[in-house]
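What follows is one structure encoded as structure tokens, with my remarks underneath.
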Amino acid sequence: MTIRNLDKLFTPQSVAVIGATNRAGAIGNIVMHNILQGGFEGPVLPVNPKHEAVAGVLAYPDVASLPKAPDLAVICTPAEPIPGLIAELGAAGTRAAIVLTAGLEAEKTEDGVSVADAMLKAAEPYLLRILGPNCLGMLAPNIGLNASFSHLPASPGGIAFVSQSGALCTAVLDWASLHDVGFSYFISLGNARDVDFGDVVDHLANDPKTRAILLYVEAVTDGRKFMSACRSAARNKPVLVIKTGVVDEGAKAAATHTGALAGSDAVYDAAFQRAGLLRVYEIDELFAAVETLARAKRVQGERLAILTNGGGIGVMAMDSLIQHGGVPAELPDDVVAELDGVLPPTWSKGNPVDIIGDAPGSRYADATRILAGSKACDAVLVMHAPTATADSVEAARAVIDVADRTKANLLTSWVGGKAVAPARQLFHEASIPTYDSPGQAVQAFMHVVNYRRSQDMLMETPPSAPQGFTRATDTARLVIEARLANATDMLSEPEAKAVLAAYGIPTVQTHIVRTPEEAAEKADSMGYPVALKIMSEDIVHKSDVGGVNLFLDTPDAVIAAGEHMLGTIAKRLPDARVQGFSVQRMADRPGAHEVFIGVKNDAVFGPVIVFGHGGTAIEIIDDSAIALPPLNMKLARDLIERTRVYRLLKGYRNRPAVDLDKLSLALTQLSQLVVDIPEIVEVDVNPLLADETGVLALDARIRVASVRPGKVRRLAIRPYPEELEETITTPDGRALLIRPIRPEDEPEHYSFLSQLTPEDIRFRFFGQVGVLPHTQMARLTQIDFDREMAFIASAQNSDGTRETLGVVRTVTDPNNERCEFAIVVRSDLKGQGLGRMLLEKMISYCRARGTKTMIGEVLRDNRPMLGLAERLGFKRTSSTGDSAVAVELDLSAAA
């Protein structure tokens, strides 16, 4: 991943139009006129050997004739000459091109390769970045650049829109023009053979003129790159996404239950949530959500109170809230009593709070103040329908006055047209979110809720392994390697259960036999009743073909069941190869729920974890949810709660609740299994019994595949790098653990910062800081290991607790060229070599991942740090003001 030379693409100082023409209606003609009419202030250089001038601008016959190398070239020619043009431009010094031409994949060069591949090869020596091919182009209204063949210009603004569909781009521009929406960038990716979503999002994340990023996604090609870029951007500004292709017909042909349930759109949805993105489904919803996030305050919960002067619109809002999966606030007795004191006796006595149609401004103010101040409400939707006995503007002013005095999240909906327009304008001027209808207002509230959910998931960085279990990775590997050595990809049921058991997932005792008679003998030794299942690599779902028989309680019953299975399968699947039977004790778990856990290997995002309602009717019930590994207990619990079966698992009537902690642990154990062993392609545990005592896997399937050397499957989210942990000994003999930081280090980090002296704080933060809020501390302890690293040094106290003694961290640019470091060690430990040990470990880590340069800023009076930096090879490069010195280390030099 790289953002090298993207500045030439998005903020060029000069532009050449290759294929510019005076022929009306031609792409080269439209692009030329769009650039000239957009107000771009740099040189515009048309290239066409058939014209002396294009649109009144002197033209040049070829690239070699250009008076200077343009920063950006817009190519509007047929496909065949494009590789050669790219090579010429690169050699001349151009570092970015927009290729509008379609059909480059289908057209071949004389060497038989596609023109698209030849184009990329020509660009490679110069790192010339290419947007497209087959795209609409790019608009940067803030610099007056319209390098596209769009029928409309874009107005300047703070929203960046990035789309794979050129047709949608023109439709959105048309919509934006009507609704007066402006853009910082409007980018059509086309086929995205070079510049893709990850590159563009990385660039936009650091663009100060872009306050929100909107994505229209048809498909992602590099899941990890996309996730890393979006997770980085979403920490700084809202990133919203529309994804087409919601229905995935390919899932119907999947071999396992997991594959059938984990359709590609569901995987994308899980990825968007984990990356901190807000997904919407319509264009107008996309832009409305941006405005809501800009105006609304962050909600801490999901309970909405609805305040209205009309029962009908209140019910409409409540219906919409329930349909969107929202949570109505339940008004406690003290709130009802307080409302009784300010409202007419005929008010609704519940949520929605109907304050009656004649409500004056004072009644709105009193009721809004009470609801906004209640801990039972996370947000309040205030609505108004115009009546002859109430003043809409007076009511609006009353709500605005309350909003000025509270930190609560208020949304408004003044329903109607001309009569309420002045009130809506007041809300706009006060930056209070307001909507035309109850449905729009509730949808906006759910946008805020879902955005908070995705932001919470973004901040989760699971540990290397869930706490509470030990894993026998070598045991699991031996089972898998033995199966791969036999050139087969499906583990037998006992083998699959042995792998699960190695990771702490409880399984029922299972044995393999060859004949019905051997099955009866094994059942005698195990004890009755037993279950008998056919074993065949050619049969995916055994119960569908009569390959499962339960509650067999005598040897004769076992033999009869086995012989009947063989006969049935011989008739129904004559080509199926039967290896024998599996025999297992019937699990005595009355009242247990049948659930399902599994793994699917997605082509884009790698392995995903699936949870849902299990049993033989699993596809018919169609109740499942998906998450990206690695998981921790919180993420696993969230996965469970996103299913309908969760309501049953919580317990009802006389059925006790399932032990959700043990169920969550099983999901994290499964997640760890696929993190540790990349050869695992699919896992299917169905059913997994779950009750108040824990979980038990009754049946399991695991499919594996060899991993080519150097081609280890990548997770979409890099897990905690456990391999970087090490124990060192200080000169005074104290054992210290140096390891990457983890989310659960947040409490220790607060304690660590509290023990730093004012001078320590000043040297680290270049000034004094107070107690950091949770959001900022989470940024320090919950990091994306693809972009950042922080090593902490900790020691164990006499009472068994650990304390943090020092920390070093780096943030690396997307090109992996430069990283910036910061380090702090407690004052009472300075002079013992801890700072050097931490910084040396970070230098080694950055060298190993191929980073080229480490930089940092050090206050001039921080002489110990400047001395350490010089001893480790850092050079002073410049001064950054009167108080600080910039230092730099060449990581490519020999250590």
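So you can find residues: chains in the structure tokens are A, B, ... in the order shown, residues in each start at 1, and ligands are numbered from 1 in order.
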Q | Spatial neighbours of Leu128 (chain A), 10 Å, only C-alpha atoms, chain gap at least 5 places, as a ChimeraX atom specification | A | /A:4-6,8-9,72,86-87,89-91,93-97,120,122-123,194
Q) Tell me, which residues of region 88-252 of chain A carry DSSP helix (DSSP H, G or I), written as number ranges by chain? A) A: 88-92, 115-126, 141-143, 166-179, 197-205, 223-234, 249-252
Q) Quick one: distance from CA of Val336 (chain A) to CA of Ser362 (chain A) in Å, one decimal? A)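 Atom-to-atom, CA of Val336 (chain A) and CA of Ser362 (chain A) are spaced 17.8 Å apart.
Nearest to Leu45 (chain A) of all the residues A:Ser14, A:Thr488, A:Thr412, A:Ser114 is A:Ser14, based on only C-alpha atoms.
Our summary of the geometry notes that CA of Arg224 (chain A) is positioned 27.7 Å from CA of Ala140 (chain A).
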I want to know what sits within 10 Å of Leu573 (chain A), based on only C-alpha atoms, with residues of the same chain fewer than 6 positions away left out; could you give that as a CSV table (one decimal) with N, CA and C atoms, in the first residue's frame?
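Now in out.csv:
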chain,number,residue,atom,x,y,z
A,538,ASP,N,-17.4,-37.9,0.7
A,538,ASP,CA,-18.2,-37.5,-0.4
A,538,ASP,C,-19.6,-37.0,0.1
A,539,ILE,N,-19.9,-37.1,1.4
A,539,ILE,CA,-21.2,-36.7,1.9
A,539,ILE,C,-21.0,-35.5,2.9
A,545,VAL,N,-29.1,-37.5,4.0
A,545,VAL,CA,-29.1,-38.8,3.2
A,545,VAL,C,-29.3,-40.0,4.1
A,567,GLY,N,-27.2,-49.5,3.1
A,567,GLY,CA,-28.1,-49.7,2.0
A,567,GLY,C,-28.7,-48.5,1.4
Q) In terms of the shortest atom-to-atom distance over only C-alpha atoms, which of A:Thr308, A:Asn601, A:Ser184, A:Asn816 is closest to Ala705 (chain A)? A)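 For Ala705 (chain A), the nearest of the given residues is A:Asn601.
For Ala502 (chain A), the non-local neighbours within 12 Å, defined as residues at least 6 positions apart in the same chain or in other chains and counting only C-alpha atoms, are Phe469, Thr470, Arg471, Ala472, Thr473, Asp474, Thr475, Ala476, Arg477, Leu478, Val479, Ile480, Glu495, Ala496, Gln669, Leu670, Gln672 and Leu673 of chain A.
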